[in-house]
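**Q** My questions all concern the structure below.
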Amino acid sequence: MTGLSLLGMILLSMAWLFFIGGAVLNFQVWRAARRARPGGRASSGMPFLPGIVGSLAAFFTAGWALQRGYPLPWPWLWILLPLLLDVYCAGGLLLALFGLARRVSRRGPGA
């Protein structure tokens, strides 16, 4: 293994870890925002960065796997999957489409 490939492997593993940590953080912030009172303060997560980094990591991992001869069905699915798993990326758009973006209280403010 050359030094350049070792550096690439380290950067790729750091990208995967950043995606996993960022997606968990965004999910926790999203869940806290859903439980917050209407008009109350809610913390913010990292908007779309973990999904983009995870998609880039999947792109380079899929390229590596295909180059080495590993069978990888539907590589485009594995590249787009991190964007769907992050709730502040395309996954949040799907949650809003299904009405799960924010729970609204029917009792009104202050109730």
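Chain labels run A, B, ... following the order of the structure tokens; each chain numbers its residues from 1, and ligands are numbered from 1 in the order shown.
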Near A:Pro47, counting only C-alpha atoms, which residues have an atom at most 9 Å away, once you skip same-chain residues fewer than 4 positions from it, shown as a PyMOL selection string?

**A** chain A and resi 26+51+87-89

**Q** Please provide as a list in words all residues within 7 Å of A:Ser55, with the sequence filter that same-chain residues fewer than 2 positions apart are discarded (counting only C-alpha atoms).

**A**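 Close residues of A:Ser55: Gly51, Ile52, Val53, Ala57, Ala58, Phe59, Ile79, Leu80, Pro82 and Leu83 of chain A.
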
**Q** Got a sec: who's within 12 Å of A:Trp64, counting only C-alpha atoms, leaving out chain neighbours fewer than 5 positions off, as a list in words?

**A**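 My list of contacting residues is Ser5, Gly8, Met9, Leu12, Ala57, Ala58, Phe59, Gly69, Tyr70, Pro71, Leu72 and Pro75 of chain A.
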